[in-house]
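What follows is one structure encoded as structure tokens, with my remarks underneath.
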Amino acid sequence: MRIYFDHNATTPLDPEVADAMLAAGLETFGNPSSVHHFGQRAKTAIDEARSAVAALVGGEPSEVVFTSGGTESDNLAIRGGAMAAAAAGRRHLVTAGIEHEAVLNTVTALGKHGWTTTVLGVAASGILPPDRLREALTPETAMVSVMHANNEVGTIQPIAELAALARAAGALFHTDAVQSAGKIPIDVRGLGVDLASFSAHKLYGPKGVGALWIRRGVRLLPVLSGGRQERNRRPGTENVPGIVGFGVAARLAAQRLDDMGARLAALRDRLEAGVLALVPRTAVNGAGPRVPNTTNISVAGVEAESLLIALDLEGIAVSTGSACSSGTLEPSHVLKAMGLSNDRSQSSIRFSLGAGSTDGEVDHLLEVLPGAVARLRALTDRTR
């Protein structure tokens with residue numbers, strides 16, 4: 001029996017998405033920039049996908065730019081927005097310590113090239129208090145980037161309030177919404193953001209394709225040089241099958257959003273309550289509103305990597321945090337930003353459920369986990 005509780009790292013490709021991608025790869029092979037029949041057929045397929053992605057997030061199709069994924073979308077938003085704002089003398093960037101590396105490392109890189117940067121800590125709940133942002137804003141602030149939902153603990157940030165503060169200060173606001181799209185309703189206009197990043201493979205679409213929503217009127221410089229694709233924002237021949245797959249995934253996510261969210265929230269809560277009841281010295285990391293599929297739990301006296309391996313041997317896939325940080329021995333930067341100790345950070349496991357998760361799978365985890373933890377704790381006690 002194999003159980004997959006790592007949907008925040010990636011999701012399995014939906015069969016309907018796979019079918020659409022195969023058909024697009026075989027039949028819609030023209031270059032979308034070509035004016036003949038084959039090219040225009042590919043352009044039409046991209047336009048349909050653009051409309052589906054825009055509908056999922058509450059934007060207009062003309063505001064959606066396709067990219068190679070969430071990382072490129074974050075780079076285009078932050079670098080492109082920062083470069084455009086620099087001409088007006090704004091060279092200050094603000095972000096939060098819980099961001100994905102695609103944001104944090106991009107801000108750090110710009111900091112080495114003349115931009116001033118501020119990385120804000122969050123509360124123990126994993127939420128960024130708006131007052132901290134208010135205090136960090138200056139007349140030179142070009143952009144604020146705060147993620148919509150955190151990939152490790154699932155906390156949802158007060159984006160509308162944060163974006164309003166940035167707007168009042170004359171700064172752009174970008175949100176990395178990779179982990180919220182398809183899990184909770186998103187209305188980019190209602191949130192008041194200027195830029196929002198998305199990724200197909202987090203919502204049962206293909207890897208290697210993402211999108212950046214750019215509010216109409218926002219000035220953004222491209223970070224790549226080349227042709228005029230994607231309204232001069234992102235050059236290069238479009239990945240037609242991938243974009244088609246993203247469009248189908250977005251359409252399916254919109255259809256399933258309410259039912260799946262309610263089901264996964266109930267399943268996550270049952271998993272969480274079961275772990276806390278059956279395994280002594282455990283605690284949930286993060287509080288307040290969270291995406292419905294995610295829980296992050298610390299298991300005192302156990303190294304998270306050891307527990308991950310023990311569960312994998314039992315056929316259960318979980319995570320110690322961001323898949324982009326796997327292999328590092330450093331404590332999670334997200335949990336550190338929340339003020340957790342190194343010991344607690346290094347004993348924390350993320351469970352992220354998905355469309356295929358079942359009550360039976362949660363039951364099996366709750367049968368296996370207490371024994372696995374007890375064995376690892378006994379081993380630790382013997383080696384002291």
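Going by the structure tokens order, chains are called A, B, ..., each with residues numbered from 1, while ligands are numbered from 1 in the order shown.
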Give me the stretch 171-204 of chain A side of the contact with stretch 260-268 of chain A, cut-off 12 Å, one line per residue showing its nearest atom pair and distance in Å at one decimal, counting only C-alpha atoms, sorted by chain and residue number, as a tab-separated table.
```
residue	atom	partner	partner_atom	distance
A:Ser180	CA	A:Gly261	CA	11.0
A:Ala181	CA	A:Gly261	CA	11.4
A:Gly182	CA	A:Gly261	CA	8.8
A:Lys183	CA	A:Gly261	CA	6.1
A:Ile184	CA	A:Gly261	CA	6.9
A:Pro185	CA	A:Gly261	CA	9.6
A:Leu203	CA	A:Met260	CA	11.8
```
Practice prompt. Could you give me the residues within stretch 202-302 of chain A that DSSP places in helix (DSSP H, G or I), as a ChimeraX atom specification?
Written response: /A:202,229-232,240-278
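Backbone DSSP over stretch 178-381 of chain A yields strand (DSSP E or B) at A:Leu195, A:Ala196, A:Ser197, A:Phe198, A:Ser199, A:Gly210, A:Ala211, A:Leu212, A:Trp213, A:Ile214, A:Thr282, A:Ala283, A:Val284, A:Arg290, A:Thr294, A:Thr295, A:Asn296, A:Ile297, A:Ser298, A:Val299, A:Ile316, A:Ala317, A:Ser319, A:Ser348, A:Ile349, A:Arg350, A:Phe351, A:Ser352.
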Each residue of stretch 43-161 of chain A with at least one atom at most 7 Å from stretch 286-303 of chain A should appear once, together with its nearest atom pair and the corresponding distance in Å (one decimal); atoms considered: only C-alpha atoms; ordering: chain, then increasing residue number; output as CSV.
```
residue,atom,partner,partner_atom,distance
A:Ser125,CA,A:Gly286,CA,4.6
A:Gly126,CA,A:Gly286,CA,5.3
A:Ala149,CA,A:Val291,CA,6.9
A:Glu152,CA,A:Asn296,CA,6.8
A:Val153,CA,A:Asn296,CA,5.2
A:Gly154,CA,A:Arg290,CA,4.9
A:Thr155,CA,A:Arg290,CA,4.2
A:Ile156,CA,A:Arg290,CA,5.2
```
Worksheet item: Expressed in Å to a single decimal, how great is the separation between atom CA of A:Leu76 and atom CA of A:Pro235?
Response: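 Separation between atom CA of A:Leu76 and atom CA of A:Pro235: 11.7 Å.
Proximity of A:Ala249, A:Ala171, A:Ala84, A:Leu212 to A:Ala20, computed with only C-alpha atoms, is greatest for A:Ala249.
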For stretch 199-230 of chain A against stretch 47-58 of chain A, with a cut-off of 12 Å and counting only C-alpha atoms, what is the closest atom pair and its distance in Å to one decimal for every residue that makes the cut, ordered by chain and number, as JSON lines?
```
{"residue": "A:Ser199", "atom": "CA", "partner": "A:Val53", "partner_atom": "CA", "distance": 10.4}
{"residue": "A:Ala200", "atom": "CA", "partner": "A:Val53", "partner_atom": "CA", "distance": 9.6}
{"residue": "A:Leu203", "atom": "CA", "partner": "A:Leu56", "partner_atom": "CA", "distance": 11.3}
{"residue": "A:Gly205", "atom": "CA", "partner": "A:Val53", "partner_atom": "CA", "distance": 11.6}
{"residue": "A:Val209", "atom": "CA", "partner": "A:Ala49", "partner_atom": "CA", "distance": 11.8}
{"residue": "A:Gly210", "atom": "CA", "partner": "A:Val53", "partner_atom": "CA", "distance": 9.9}
{"residue": "A:Ala211", "atom": "CA", "partner": "A:Val53", "partner_atom": "CA", "distance": 8.2}
{"residue": "A:Leu212", "atom": "CA", "partner": "A:Val53", "partner_atom": "CA", "distance": 10.1}
{"residue": "A:Trp213", "atom": "CA", "partner": "A:Ala54", "partner_atom": "CA", "distance": 8.0}
{"residue": "A:Ile214", "atom": "CA", "partner": "A:Ala54", "partner_atom": "CA", "distance": 10.7}
{"residue": "A:Arg215", "atom": "CA", "partner": "A:Gly58", "partner_atom": "CA", "distance": 11.0}
{"residue": "A:Glu230", "atom": "CA", "partner": "A:Arg50", "partner_atom": "CA", "distance": 10.7}
```
May I have the selected residues written with C-alpha atoms, as a PDB file, in the first residue's frame?
```pdb
ATOM      1  CA  SER A 199       1.987  26.990 -10.816  1.00  0.00           C
ATOM      2  CA  ALA A 200       0.172  24.229 -12.687  1.00  0.00           C
ATOM      3  CA  LEU A 203      -3.253  21.775  -8.835  1.00  0.00           C
ATOM      4  CA  GLY A 205      -1.527  20.063 -13.881  1.00  0.00           C
ATOM      5  CA  VAL A 209       4.285  25.697 -16.640  1.00  0.00           C
ATOM      6  CA  GLY A 210       3.019  28.534 -14.477  1.00  0.00           C
ATOM      7  CA  ALA A 211       1.465  31.962 -14.767  1.00  0.00           C
ATOM      8  CA  LEU A 212       1.868  35.493 -13.507  1.00  0.00           C
ATOM      9  CA  TRP A 213      -1.224  37.659 -13.185  1.00  0.00           C
ATOM     10  CA  ILE A 214      -0.339  41.297 -13.824  1.00  0.00           C
ATOM     11  CA  ARG A 215      -2.963  43.900 -12.991  1.00  0.00           C
ATOM     12  CA  GLU A 230       3.040  37.079 -23.999  1.00  0.00           C
TER      13      GLU A 230
END
```
Please provide as a compact mmCIF listing (two decimals) with C-alpha atoms, in the first residue's frame all residues within 12 Å of A:Glu27, with the sequence filter that same-chain residues fewer than 2 positions apart are discarded (counting only C-alpha atoms).
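What landed in selection.txt:
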```txt
# COMPACT_ATOMS: atom_id res chain seq x y z
CA ASP A 19 -5.52 13.47 -22.25
CA ALA A 20 -5.74 17.13 -23.22
CA MET A 21 -1.96 17.50 -23.23
CA LEU A 22 -1.47 14.41 -25.38
CA ALA A 23 -4.02 15.65 -27.89
CA ALA A 24 -2.41 19.10 -27.96
CA GLY A 25 1.06 17.63 -28.45
CA PHE A 29 1.72 21.44 -32.97
CA GLY A 30 1.85 24.80 -34.79
CA ASN A 31 3.84 27.77 -33.53
CA PHE A 38 -1.74 25.53 -37.65
CA GLY A 39 -0.32 28.51 -35.77
CA ARG A 41 -5.06 26.75 -33.89
CA ALA A 42 -2.28 26.70 -31.29
CA ALA A 45 -5.71 26.71 -27.52
CA VAL A 240 1.43 24.69 -25.91
CA PRO A 241 0.74 21.22 -24.41
```
Fill in: Residue among A:Ile46, A:Leu379, A:Ala77, A:Ile316 lying closest to A:Pro222, counting only C-alpha atoms
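Between A:Ile46, A:Leu379, A:Ala77, A:Ile316, the residue approaching A:Pro222 most closely is A:Ala77.
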Worksheet entry | Top pick for closest residue to A:Leu104, considering A:Thr282, A:Ser347, A:Ser34, A:Ser145 and counting only C-alpha atoms | A:Ser145
Worksheet item: Which is closest to A:Ile186 among A:Gly242, A:Pro129, A:Pro370, A:Gly59, if we use only C-alpha atoms?
Response: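 Using only C-alpha atoms, A:Ile186 sits closest to A:Gly59.
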